[in-house]
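K.L.:
Structure: target-v7.cif, mmCIF, C-alpha atoms.
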data_input
#
loop_
_atom_site.group_PDB
_atom_site.id
_atom_site.type_symbol
_atom_site.label_atom_id
_atom_site.label_comp_id
_atom_site.auth_asym_id
_atom_site.auth_seq_id
_atom_site.Cartn_x
_atom_site.Cartn_y
_atom_site.Cartn_z
ATOM 1 C CA SER A 235 0.000 0.000 0.000
ATOM 2 C CA SER A 236 1.000 3.643 -0.168
ATOM 3 C CA LEU A 237 1.413 3.628 3.615
ATOM 4 C CA GLY A 238 3.957 0.848 3.668
ATOM 5 C CA SER A 239 6.447 0.317 6.469
ATOM 6 C CA PRO A 240 9.880 1.819 6.965
ATOM 7 C CA PRO A 241 12.648 -0.510 5.749
ATOM 8 C CA GLY A 242 14.167 -2.766 8.364
ATOM 9 C CA ASP A 243 17.681 -1.710 7.456
ATOM 10 C CA VAL A 244 18.745 1.727 6.299
ATOM 11 C CA GLU A 245 21.829 1.885 4.137
ATOM 12 C CA GLN A 246 24.407 4.539 4.915
ATOM 13 C CA GLY A 247 23.883 6.047 1.488
ATOM 14 C CA ASP A 248 20.209 6.590 2.306
ATOM 15 C CA LEU A 249 20.952 8.761 5.320
ATOM 16 C CA VAL A 250 20.318 12.465 4.867
ATOM 17 C CA ASP A 251 20.498 15.568 7.013
ATOM 18 C CA GLU A 252 17.726 18.139 7.353
ATOM 19 C CA LEU A 253 18.016 18.901 3.604
ATOM 20 C CA TRP A 254 18.031 22.619 4.266
ATOM 21 C CA GLN A 255 16.941 24.512 1.141
ATOM 22 C CA ASP A 256 16.506 21.256 -0.826
ATOM 23 C CA GLN A 257 12.816 21.396 -1.621
ATOM 24 C CA ALA A 258 12.794 18.666 -4.279
ATOM 25 C CA LYS A 259 14.506 16.113 -2.061
ATOM 26 C CA ARG A 260 12.285 16.873 0.922
ATOM 27 C CA ARG A 261 9.199 16.308 -1.220
ATOM 28 C CA GLU A 262 10.486 12.838 -2.172
ATOM 29 C CA ILE A 263 11.027 11.582 1.380
ATOM 30 C CA ARG A 264 8.344 9.903 3.476
ATOM 31 C CA LEU A 265 9.190 10.008 7.170
ATOM 32 C CA GLY A 266 9.035 7.048 9.537
ATOM 33 C CA GLU A 267 7.179 7.880 12.732
ATOM 34 C CA TRP A 268 9.137 8.868 15.850
ATOM 35 C CA ILE A 269 8.409 10.758 19.062
ATOM 36 C CA HIS A 270 9.044 14.446 18.514
ATOM 37 C CA SER A 271 11.466 16.199 20.827
ATOM 38 C CA TRP A 272 8.703 18.528 21.991
ATOM 39 C CA ASP A 273 6.612 15.511 23.073
ATOM 40 C CA THR A 274 9.485 13.943 25.027
ATOM 41 C CA PRO A 275 9.283 14.480 28.809
ATOM 42 C CA ARG A 276 11.778 16.977 30.220
ATOM 43 C CA GLU A 277 13.351 16.969 33.679
ATOM 44 C CA GLU A 278 10.553 18.924 35.344
ATOM 45 C CA ASP A 279 7.940 16.636 33.769
ATOM 46 C CA LEU A 280 9.611 13.572 35.280
ATOM 47 C CA ILE A 281 9.078 14.877 38.804
ATOM 48 C CA GLN A 282 5.484 15.989 38.295
ATOM 49 C CA ASN A 283 4.662 12.626 36.672
ATOM 50 C CA PHE A 284 6.541 10.633 39.298
ATOM 51 C CA MET A 285 4.104 7.706 39.217
ATOM 52 C CA SER A 286 5.519 6.847 35.792
ATOM 53 C CA ALA A 287 8.994 6.361 37.270
ATOM 54 C CA GLU A 288 10.581 2.931 37.603
ATOM 55 C CA VAL A 289 9.948 0.880 40.720
ATOM 56 C CA SER A 290 13.171 0.488 42.706
ATOM 57 C CA LYS A 291 14.021 -2.552 44.840
ATOM 58 C CA GLU A 292 16.989 -0.628 46.247
ATOM 59 C CA LEU A 293 14.624 1.934 47.767
ATOM 60 C CA ASP A 294 12.722 -0.850 49.536
ATOM 61 C CA ASP A 295 15.947 -1.935 51.207
ATOM 62 C CA ILE A 296 16.857 1.624 52.214
ATOM 63 C CA LEU A 297 13.522 3.127 53.201
ATOM 64 C CA LEU A 298 11.217 0.348 54.419
ATOM 65 C CA PRO A 299 12.914 0.275 57.853
ATOM 66 C CA HIS A 300 12.032 3.980 58.179
ATOM 67 C CA ILE A 301 8.345 3.819 57.226
ATOM 68 C CA ALA A 302 7.193 4.819 60.716
ATOM 69 C CA SER A 303 9.389 7.910 60.897
ATOM 70 C CA LEU A 304 8.451 9.003 57.370
ATOM 71 C CA GLN A 305 4.759 8.643 58.163
ATOM 72 C CA LYS A 306 5.250 10.578 61.382
ATOM 73 C CA LEU A 307 6.806 13.465 59.464
ATOM 74 C CA LEU A 308 3.853 13.424 57.077
ATOM 75 C CA ASP A 309 1.164 13.322 59.764
ATOM 76 C CA SER A 310 2.599 15.354 62.653
ATOM 77 C CA PRO A 311 3.229 19.051 62.001
ATOM 78 C CA ASP A 312 4.659 19.816 65.468
ATOM 79 C CA LEU A 313 8.389 19.985 64.768
ATOM 80 C CA ASN A 314 9.397 20.404 68.396
ATOM 81 C CA GLN A 315 8.507 16.794 69.179
ATOM 82 C CA TYR A 316 11.326 15.480 66.986
ATOM 83 C CA GLY A 317 14.994 15.055 67.792
ATOM 84 C CA ALA A 318 17.013 17.255 65.486
ATOM 85 C CA GLU A 319 19.875 14.742 65.347
ATOM 86 C CA ALA A 320 17.614 12.094 63.825
ATOM 87 C CA TYR A 321 15.970 14.560 61.434
ATOM 88 C CA PRO A 322 18.485 17.039 59.985
ATOM 89 C CA VAL A 323 15.775 18.573 57.790
ATOM 90 C CA ILE A 324 13.852 19.580 60.917
ATOM 91 C CA ASP A 325 16.982 21.059 62.453
ATOM 92 C CA TYR A 326 17.331 23.128 59.268
ATOM 93 C CA ILE A 327 13.705 24.307 59.426
ATOM 94 C CA LEU A 328 13.977 25.332 63.078
ATOM 95 C CA ARG A 329 17.318 27.085 62.647
ATOM 96 C CA SER A 330 16.204 28.971 59.539
ATOM 97 C CA LYS A 331 12.799 29.773 61.112
ATOM 98 C CA LYS A 332 11.109 28.580 57.950
ATOM 99 C CA LYS A 333 7.332 28.981 57.834
ATOM 100 C CA PRO A 334 4.849 26.403 56.496
ATOM 101 C CA ASP A 335 2.821 27.105 53.386
ATOM 102 C CA GLY A 336 -0.958 27.161 53.061
ATOM 103 C CA VAL A 337 -1.356 23.391 53.449
ATOM 104 C CA GLY A 338 0.998 23.240 56.425
ATOM 105 C CA ALA A 339 3.923 21.885 54.410
ATOM 106 C CA TYR A 340 7.533 23.031 54.512
ATOM 107 C CA SER A 341 9.009 23.472 51.042
ATOM 108 C CA ILE A 342 12.652 22.359 50.976
ATOM 109 C CA PRO A 343 14.683 23.090 47.822
ATOM 110 C CA PHE A 344 17.602 20.701 48.404
ATOM 111 C CA CYS A 345 18.272 17.450 46.562
ATOM 112 C CA GLY A 346 22.063 17.440 46.119
ATOM 113 C CA ASP A 347 23.124 15.236 43.233
ATOM 114 C CA ILE A 348 19.856 13.301 43.130
ATOM 115 C CA SER A 349 18.810 13.464 39.481
ATOM 116 C CA SER A 350 15.266 14.124 38.309
ATOM 117 C CA HIS A 351 14.924 10.420 37.469
ATOM 118 C CA GLU A 352 16.000 9.468 40.995
ATOM 119 C CA TYR A 353 13.800 12.176 42.500
ATOM 120 C CA ALA A 354 10.794 10.721 40.678
ATOM 121 C CA LYS A 355 11.636 7.151 41.741
ATOM 122 C CA ILE A 356 11.882 8.163 45.399
ATOM 123 C CA ALA A 357 8.644 10.154 45.127
ATOM 124 C CA ARG A 358 6.850 7.146 43.658
ATOM 125 C CA TRP A 359 8.188 4.923 46.421
ATOM 126 C CA PHE A 360 7.021 7.443 49.030
ATOM 127 C CA SER A 361 3.544 7.672 47.497
ATOM 128 C CA GLU A 362 3.098 3.910 47.286
ATOM 129 C CA ASN A 363 4.593 2.907 50.631
ATOM 130 C CA VAL A 364 4.018 5.621 53.231
ATOM 131 C CA PRO A 365 0.448 5.282 54.562
ATOM 132 C CA GLY A 366 -1.714 8.217 53.523
ATOM 133 C CA ALA A 367 0.910 9.726 51.225
ATOM 134 C CA SER A 368 -0.864 9.105 47.923
ATOM 135 C CA GLY A 369 -3.777 11.322 48.939
ATOM 136 C CA GLN A 370 -1.634 14.176 50.295
ATOM 137 C CA VAL A 371 0.958 14.751 47.595
ATOM 138 C CA GLU A 372 0.904 18.503 48.179
ATOM 139 C CA LYS A 373 2.171 17.938 51.741
ATOM 140 C CA TRP A 374 5.331 16.044 50.844
ATOM 141 C CA LEU A 375 6.360 16.461 47.182
ATOM 142 C CA GLY A 376 9.226 18.934 47.387
ATOM 143 C CA GLY A 377 8.691 19.102 51.121
ATOM 144 C CA MET A 378 10.070 17.967 54.463
ATOM 145 C CA PRO A 379 9.010 14.277 54.534
ATOM 146 C CA LEU A 380 10.356 13.524 51.052
ATOM 147 C CA VAL A 381 13.591 15.394 51.695
ATOM 148 C CA HIS A 382 14.124 13.280 54.808
ATOM 149 C CA ALA A 383 13.779 10.257 52.517
ATOM 150 C CA PHE A 384 16.456 11.831 50.292
ATOM 151 C CA THR A 385 18.676 12.157 53.372
ATOM 152 C CA LEU A 386 18.260 8.469 54.170
ATOM 153 C CA VAL A 387 19.029 7.469 50.580
ATOM 154 C CA VAL A 388 22.173 9.603 50.431
ATOM 155 C CA ALA A 389 23.266 8.317 53.850
ATOM 156 C CA HIS A 390 22.959 4.737 52.633
ATOM 157 C CA ARG A 391 24.692 5.260 49.309
ATOM 158 C CA LYS A 392 27.577 7.392 50.562
ATOM 159 C CA ALA A 393 28.097 5.944 54.044
ATOM 160 C CA SER A 394 31.492 4.457 53.217
ATOM 161 C CA ASP A 395 32.796 7.710 51.765
ATOM 162 C CA PHE A 396 31.458 9.739 54.695
ATOM 163 C CA GLU A 397 33.024 7.360 57.221
ATOM 164 C CA LYS A 398 36.435 7.671 55.587
ATOM 165 C CA ARG A 399 36.212 11.455 55.777
ATOM 166 C CA VAL A 400 35.346 11.367 59.481
ATOM 167 C CA GLU A 401 38.125 8.905 60.278
ATOM 168 C CA ALA A 402 40.600 11.119 58.430
ATOM 169 C CA ARG A 403 39.646 13.927 60.818
ATOM 170 C CA ASN A 404 39.928 11.619 63.856
ATOM 171 C CA GLU A 405 36.308 12.305 64.770
ATOM 172 C CA GLU A 406 33.754 9.907 66.217
ATOM 173 C CA TRP A 407 31.669 8.033 63.653
ATOM 174 C CA ASN A 408 28.022 7.269 64.470
ATOM 175 C CA ASP A 409 24.549 7.309 62.919
ATOM 176 C CA SER A 410 24.013 10.920 63.905
ATOM 177 C CA MET A 411 27.173 11.950 62.073
ATOM 178 C CA LEU A 412 26.086 9.911 59.039
ATOM 179 C CA LEU A 413 22.752 11.735 58.758
ATOM 180 C CA LYS A 414 24.406 15.085 59.367
ATOM 181 C CA MET A 415 26.849 14.490 56.513
ATOM 182 C CA ALA A 416 24.095 13.206 54.231
ATOM 183 C CA TRP A 417 22.115 16.384 54.870
ATOM 184 C CA ALA A 418 25.165 18.545 54.166
ATOM 185 C CA ASP A 419 25.604 16.659 50.896
ATOM 186 C CA LEU A 420 21.985 17.346 49.947
ATOM 187 C CA MET A 421 22.528 21.062 50.483
ATOM 188 C CA ILE A 422 25.414 21.185 48.010
ATOM 189 C CA SER A 423 24.534 22.869 44.720
ATOM 190 C CA TYR A 424 26.074 20.372 42.357
ATOM 191 C CA PRO A 425 27.010 21.800 38.940
ATOM 192 C CA THR A 426 24.607 20.892 36.161
ATOM 193 C CA ASN A 427 27.392 19.155 34.255
ATOM 194 C CA SER A 428 27.564 16.558 37.032
ATOM 195 C CA PHE A 429 24.235 15.165 35.823
ATOM 196 C CA VAL A 430 23.671 12.953 32.809
ATOM 197 C CA ALA A 431 22.666 14.943 29.739
ATOM 198 C CA ASP A 432 20.329 13.451 27.150
ATOM 199 C CA VAL A 433 22.552 14.088 24.149
ATOM 200 C CA ASP A 434 20.222 12.205 21.802
ATOM 201 C CA LEU A 435 17.326 14.462 22.764
ATOM 202 C CA GLU A 436 19.447 17.585 22.356
ATOM 203 C CA CYS A 437 20.516 16.450 18.886
ATOM 204 C CA LEU A 438 16.943 15.574 17.892
ATOM 205 C CA THR A 439 15.763 18.983 19.079
ATOM 206 C CA ALA A 440 18.379 20.716 16.930
ATOM 207 C CA LEU A 441 17.578 18.534 13.903
ATOM 208 C CA GLU A 442 13.821 19.071 14.152
ATOM 209 C CA ALA A 443 14.292 22.810 14.505
ATOM 210 C CA ARG A 444 15.864 22.772 11.035
ATOM 211 C CA MET A 445 13.541 20.157 9.538
ATOM 212 C CA PHE A 446 10.346 21.963 10.447
ATOM 213 C CA GLU A 447 11.483 25.582 10.325
ATOM 214 C CA ASP A 448 8.736 27.593 8.632
ATOM 215 C CA SER A 449 10.187 31.095 8.577
ATOM 216 C CA GLU A 450 11.229 33.363 5.733
ATOM 217 C CA GLU A 451 14.768 32.081 6.204
ATOM 218 C CA ALA A 452 13.637 28.557 5.300
ATOM 219 C CA GLY A 453 11.912 29.819 2.163
ATOM 220 C CA PRO A 454 9.766 27.451 0.048
ATOM 221 C CA VAL A 455 11.446 24.382 1.543
ATOM 222 C CA GLY A 456 9.982 25.235 4.948
ATOM 223 C CA ASN A 457 6.390 25.242 3.765
ATOM 224 C CA GLN A 458 5.563 21.723 5.043
ATOM 225 C CA GLN A 459 7.221 20.073 2.061
ATOM 226 C CA TRP A 460 8.223 16.700 3.534
ATOM 227 C CA GLY A 461 6.803 13.812 1.492
ATOM 228 C CA LEU A 462 4.482 15.832 -0.744
ATOM 229 C CA ASP A 463 5.611 13.877 -3.813
ATOM 230 C CA GLY A 464 6.528 10.647 -2.025
ATOM 231 C CA GLY A 465 3.175 9.886 -0.418
ATOM 232 C CA GLN A 466 1.846 9.432 3.104
ATOM 233 C CA HIS A 467 4.257 9.322 5.997
ATOM 234 C CA HIS A 468 4.463 6.174 8.128
ATOM 235 C CA ARG A 469 0.995 5.204 9.455
ATOM 236 C CA ARG A 470 -0.430 8.479 8.089
ATOM 237 C CA TRP A 471 1.649 10.359 10.638
ATOM 238 C CA ASN A 472 1.076 14.114 10.670
ATOM 239 C CA VAL A 473 4.665 15.197 11.198
ATOM 240 C CA TYR A 474 3.678 18.833 11.755
ATOM 241 C CA LEU A 475 1.157 18.218 14.533
ATOM 242 C CA GLY A 476 1.918 20.127 17.713
ATOM 243 C CA ILE A 477 5.003 21.964 16.479
ATOM 244 C CA PRO A 478 5.785 24.671 19.062
ATOM 245 C CA ASP A 479 5.524 28.286 17.954
#
For the structure just supplied, provide its representation as structure tokens.

P.N.:
Amino acid sequence: SSLGSPPGDVEQGDLVDELWQDQAKRREIRLGEWIHSWDTPREEDLIQNFMSAEVSKELDDILLPHIASLQKLLDSPDLNQYGAEAYPVIDYILRSKKKPDGVGAYSIPFCGDISSHEYAKIARWFSENVPGASGQVEKWLGGMPLVHAFTLVVAHRKASDFEKRVEARNEEWNDSMLLKMAWADLMISYPTNSFVADVDLECLTALEARMFEDSEEAGPVGNQQWGLDGGQHHRRWNVYLGIPD
């Protein structure tokens, strides 16, 4: 049929670039369907859509022993009943005299080198495992209870490194010191280049910007010319649907 399917193998000689200013060639080419860069979730989307994150067995091992304390942070707004040594985030709130927001939650901006993917995985774990959390997302997402979970995760993952640092200073090593160092690590503003960049997405974004440019600079070739002589795109795909302004 005219719809056909993309070939299983693409020869190197068949590969083309964005064919800038090549109207005739663009009109010959039918495009195989892919997910546009503008429809691909970005970092901020990952956190807001945390229930789509992967389930993590590692988080079970780290956080399940602390279910009671995490639930207590979610349900009990009186910070003075907690020991600051066991909850560095509360010590921070009390020292900084931070005020709760309209729903009684404390917004905490720290996540150290926890990536957006990891943030979403921990948020999903919190929602699914801490009793009552799934119905009160506004009280913990980006707030005190979740950030305490971050502290526990960092403490677990970096315990060996933290212990070596303390021993090098001839200081006493204990659980309180571990949590204190994990909290300090969370407060570090790690440079953005310490996180994994999605190079493929960046390249696709740049390519699509040239492929679907529709300005005077693009000229006639930018006037939705792809496949006009070649026929329908893969599965009748409308390649121009949803192009950002």

K.L.:
Enter the distance from atom CA of Gln282 of chain A to atom CA of His270 of chain A, in Å, rounded to one decimal.

P.N.:
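For atom CA of Gln282 of chain A relative to atom CA of His270 of chain A, the distance reads 20.2 Å.
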
K.L.:
Take atom CA of Met378 of chain A and atom CA of Asp312 of chain A and report the distance between them in Å, one decimal.

P.N.:
12.4 Å

K.L.:
For each of A:Ala402, A:Tyr326, A:Trp254, A:Trp272, take the minimum atom-to-atom distance to Pro478 of chain A, counting only C-alpha atoms, then give the residue where this is smallest.

P.N.:
A:Trp272

K.L.:
Set the distance at 10 Å and use only C-alpha atoms: which residues neighbour Gly376 of chain A once local chain neighbours fewer than 5 positions away are removed? I'd like the list as a list of chain:residue names.

P.N.:
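The neighbour list is A:Ile281, A:Ala339, A:Tyr340, A:Ser341, A:Ile342, A:Pro343, A:Phe344, A:Cys345, A:Tyr353, A:Ala357, A:Val371, A:Val381.
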
K.L.:
Check which residues satisfy the PyMOL selection byres ((chain A and resi 266) around 9) in the file shown, then give them as a PDB file with C-alpha atoms, in the frame of the given file.

P.N.:
ATOM      1  CA  SER A 239       6.447   0.317   6.469  1.00  0.00           C
ATOM      2  CA  PRO A 240       9.880   1.819   6.965  1.00  0.00           C
ATOM      3  CA  ARG A 264       8.344   9.903   3.476  1.00  0.00           C
ATOM      4  CA  LEU A 265       9.190  10.008   7.170  1.00  0.00           C
ATOM      5  CA  GLU A 267       7.179   7.880  12.732  1.00  0.00           C
ATOM      6  CA  TRP A 268       9.137   8.868  15.850  1.00  0.00           C
ATOM      7  CA  HIS A 467       4.257   9.322   5.997  1.00  0.00           C
ATOM      8  CA  HIS A 468       4.463   6.174   8.128  1.00  0.00           C
ATOM      9  CA  ARG A 469       0.995   5.204   9.455  1.00  0.00           C
ATOM     10  CA  TRP A 471       1.649  10.359  10.638  1.00  0.00           C
TER      11      TRP A 471
END

K.L.:
If the PyMOL selection byres ((chain A and resi 383) around 12) is run on the structure shown, which residues does it catch, given as a PyMOL selection string?

P.N.:
chain A and resi 293-294+296-305+307-308+321-323+344-345+348+352-353+355-361+363-364+374-382+384-390+413+416-417+420

K.L.:
Enter the distance from atom CA of Ile477 of chain A to atom CA of Phe446 of chain A, in Å, rounded to one decimal.

P.N.:
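Separating atom CA of Ile477 of chain A from atom CA of Phe446 of chain A is a distance of 8.1 Å.
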
K.L.:
Measuring atom to atom with only C-alpha atoms, identify which of A:Leu435, A:Leu253, A:Ala367, A:Ile263 is nearest to Gly465 of chain A.

P.N.:
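Among the listed residues, A:Ile263 lies closest to Gly465 of chain A.
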
K.L.:
Kindly resolve the PyMOL selection byres ((chain A and resi 461) around 10) on the present coordinates and return the residues as a PyMOL selection string.

P.N.:
chain A and resi 258-265+458-460+462-467

K.L.:
I'd like the neighbourhood of Ala440 of chain A as a ChimeraX atom specification, where a residue qualifies if any of its atoms comes within 10 Å (using only C-alpha atoms), though same-chain residues fewer than 5 positions away should be ignored.

P.N.:
/A:252,271,434-435,445

K.L.:
Pull the neighbourhood of (15.4, 30.4, 3.0) for me: all residues within 12 Å in file coordinates, counting all atoms listed in the file, as a list in words.

P.N.:
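Residues close enough to count: Leu253, Trp254, Gln255, Asp256, Gln257, Arg444, Glu447, Asp448, Ser449, Glu450, Glu451, Ala452, Gly453, Pro454, Val455, Gly456 and Asn457 of chain A.
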
K.L.:
Produce a file of the selected residues containing C-alpha atoms, as a PDB file, in the coordinates of the input.

P.N.:
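After the write, selection00.pdb holds the following:
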ATOM      1  CA  LEU A 253      18.016  18.901   3.604  1.00  0.00           C
ATOM      2  CA  TRP A 254      18.031  22.619   4.266  1.00  0.00           C
ATOM      3  CA  GLN A 255      16.941  24.512   1.141  1.00  0.00           C
ATOM      4  CA  ASP A 256      16.506  21.256  -0.826  1.00  0.00           C
ATOM      5  CA  GLN A 257      12.816  21.396  -1.621  1.00  0.00           C
ATOM      6  CA  ARG A 444      15.864  22.772  11.035  1.00  0.00           C
ATOM      7  CA  GLU A 447      11.483  25.582  10.325  1.00  0.00           C
ATOM      8  CA  ASP A 448       8.736  27.593   8.632  1.00  0.00           C
ATOM      9  CA  SER A 449      10.187  31.095   8.577  1.00  0.00           C
ATOM     10  CA  GLU A 450      11.229  33.363   5.733  1.00  0.00           C
ATOM     11  CA  GLU A 451      14.768  32.081   6.204  1.00  0.00           C
ATOM     12  CA  ALA A 452      13.637  28.557   5.300  1.00  0.00           C
ATOM     13  CA  GLY A 453      11.912  29.819   2.163  1.00  0.00           C
ATOM     14  CA  PRO A 454       9.766  27.451   0.048  1.00  0.00           C
ATOM     15  CA  VAL A 455      11.446  24.382   1.543  1.00  0.00           C
ATOM     16  CA  GLY A 456       9.982  25.235   4.948  1.00  0.00           C
ATOM     17  CA  ASN A 457       6.390  25.242   3.765  1.00  0.00           C
TER      18      ASN A 457
END

K.L.:
Go through A:Ala354, A:Ala393, A:Asp251, A:Ile269 one by one, measure the shortest atom-to-atom distance of each to Asn472 of chain A using only C-alpha atoms, and give the residue with the smallest value.

P.N.:
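Using only C-alpha atoms, Asn472 of chain A sits closest to A:Ile269.
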
K.L.:
Between A:Ala320, A:Leu313, A:Ala418, A:Leu412, which one has atoms that come closest to Asp347 of chain A, using all atoms listed in the file?

P.N.:
A:Ala418

K.L.:
Could you pull segment 450-472 of chain A out of the structure I just pasted and write it to a file containing N, CA and C atoms, as an mmCIF file, in the first residue's frame?

P.N.:
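Result went into result_19.cif, see below:
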data_model
loop_
_atom_site.group_PDB
_atom_site.id
_atom_site.type_symbol
_atom_site.label_atom_id
_atom_site.label_comp_id
_atom_site.auth_asym_id
_atom_site.auth_seq_id
_atom_site.Cartn_x
_atom_site.Cartn_y
_atom_site.Cartn_z
ATOM 1 N N GLU A 450 10.762 32.838 7.020
ATOM 2 C CA GLU A 450 11.229 33.363 5.733
ATOM 3 C C GLU A 450 12.615 32.829 5.397
ATOM 4 N N GLU A 451 13.418 32.601 6.426
ATOM 5 C CA GLU A 451 14.768 32.081 6.204
ATOM 6 C C GLU A 451 14.729 30.718 5.521
ATOM 7 N N ALA A 452 13.744 29.888 5.898
ATOM 8 C CA ALA A 452 13.637 28.557 5.300
ATOM 9 C C ALA A 452 13.155 28.631 3.857
ATOM 10 N N GLY A 453 12.399 29.665 3.531
ATOM 11 C CA GLY A 453 11.912 29.819 2.163
ATOM 12 C C GLY A 453 10.895 28.747 1.790
ATOM 13 N N PRO A 454 10.762 28.433 0.502
ATOM 14 C CA PRO A 454 9.766 27.451 0.048
ATOM 15 C C PRO A 454 9.948 26.075 0.675
ATOM 16 N N VAL A 455 11.186 25.718 1.004
ATOM 17 C CA VAL A 455 11.446 24.382 1.543
ATOM 18 C C VAL A 455 10.845 24.207 2.936
ATOM 19 N N GLY A 456 10.538 25.324 3.603
ATOM 20 C CA GLY A 456 9.982 25.235 4.948
ATOM 21 C C GLY A 456 8.474 25.185 4.979
ATOM 22 N N ASN A 457 7.849 25.177 3.832
ATOM 23 C CA ASN A 457 6.390 25.242 3.765
ATOM 24 C C ASN A 457 5.775 23.838 3.790
ATOM 25 N N GLN A 458 6.103 23.077 4.839
ATOM 26 C CA GLN A 458 5.563 21.723 5.043
ATOM 27 C C GLN A 458 5.712 20.871 3.782
ATOM 28 N N GLN A 459 6.945 20.750 3.327
ATOM 29 C CA GLN A 459 7.221 20.073 2.061
ATOM 30 C C GLN A 459 7.531 18.582 2.189
ATOM 31 N N TRP A 460 7.802 18.095 3.390
ATOM 32 C CA TRP A 460 8.223 16.700 3.534
ATOM 33 C C TRP A 460 7.180 15.729 2.964
ATOM 34 N N GLY A 461 7.615 14.905 2.002
ATOM 35 C CA GLY A 461 6.803 13.812 1.492
ATOM 36 C C GLY A 461 5.688 14.188 0.538
ATOM 37 N N LEU A 462 5.613 15.426 0.095
ATOM 38 C CA LEU A 462 4.482 15.832 -0.744
ATOM 39 C C LEU A 462 4.433 15.060 -2.061
ATOM 40 N N ASP A 463 5.587 14.671 -2.582
ATOM 41 C CA ASP A 463 5.611 13.877 -3.813
ATOM 42 C C ASP A 463 5.771 12.385 -3.527
ATOM 43 N N GLY A 464 6.252 12.048 -2.338
ATOM 44 C CA GLY A 464 6.528 10.647 -2.025
ATOM 45 C C GLY A 464 5.330 9.879 -1.512
ATOM 46 N N GLY A 465 4.353 10.562 -0.953
ATOM 47 C CA GLY A 465 3.175 9.886 -0.418
ATOM 48 C C GLY A 465 3.058 10.057 1.085
ATOM 49 N N GLN A 466 2.112 9.316 1.672
ATOM 50 C CA GLN A 466 1.846 9.432 3.104
ATOM 51 C C GLN A 466 3.070 9.048 3.931
ATOM 52 N N HIS A 467 3.225 9.725 5.047
ATOM 53 C CA HIS A 467 4.257 9.322 5.997
ATOM 54 C C HIS A 467 3.812 8.047 6.715
ATOM 55 N N HIS A 468 4.717 7.444 7.441
ATOM 56 C CA HIS A 468 4.463 6.174 8.128
ATOM 57 C C HIS A 468 3.185 6.242 8.966
ATOM 58 N N ARG A 469 2.266 5.307 8.722
ATOM 59 C CA ARG A 469 0.995 5.204 9.455
ATOM 60 C C ARG A 469 0.196 6.510 9.419
ATOM 61 N N ARG A 470 0.274 7.204 8.282
ATOM 62 C CA ARG A 470 -0.430 8.479 8.089
ATOM 63 C C ARG A 470 -0.055 9.515 9.154
ATOM 64 N N TRP A 471 1.163 9.457 9.590
ATOM 65 C CA TRP A 471 1.649 10.359 10.638
ATOM 66 C C TRP A 471 1.635 11.803 10.155
ATOM 67 N N ASN A 472 1.030 12.679 10.947
ATOM 68 C CA ASN A 472 1.076 14.114 10.670
ATOM 69 C C ASN A 472 2.316 14.675 11.364
#
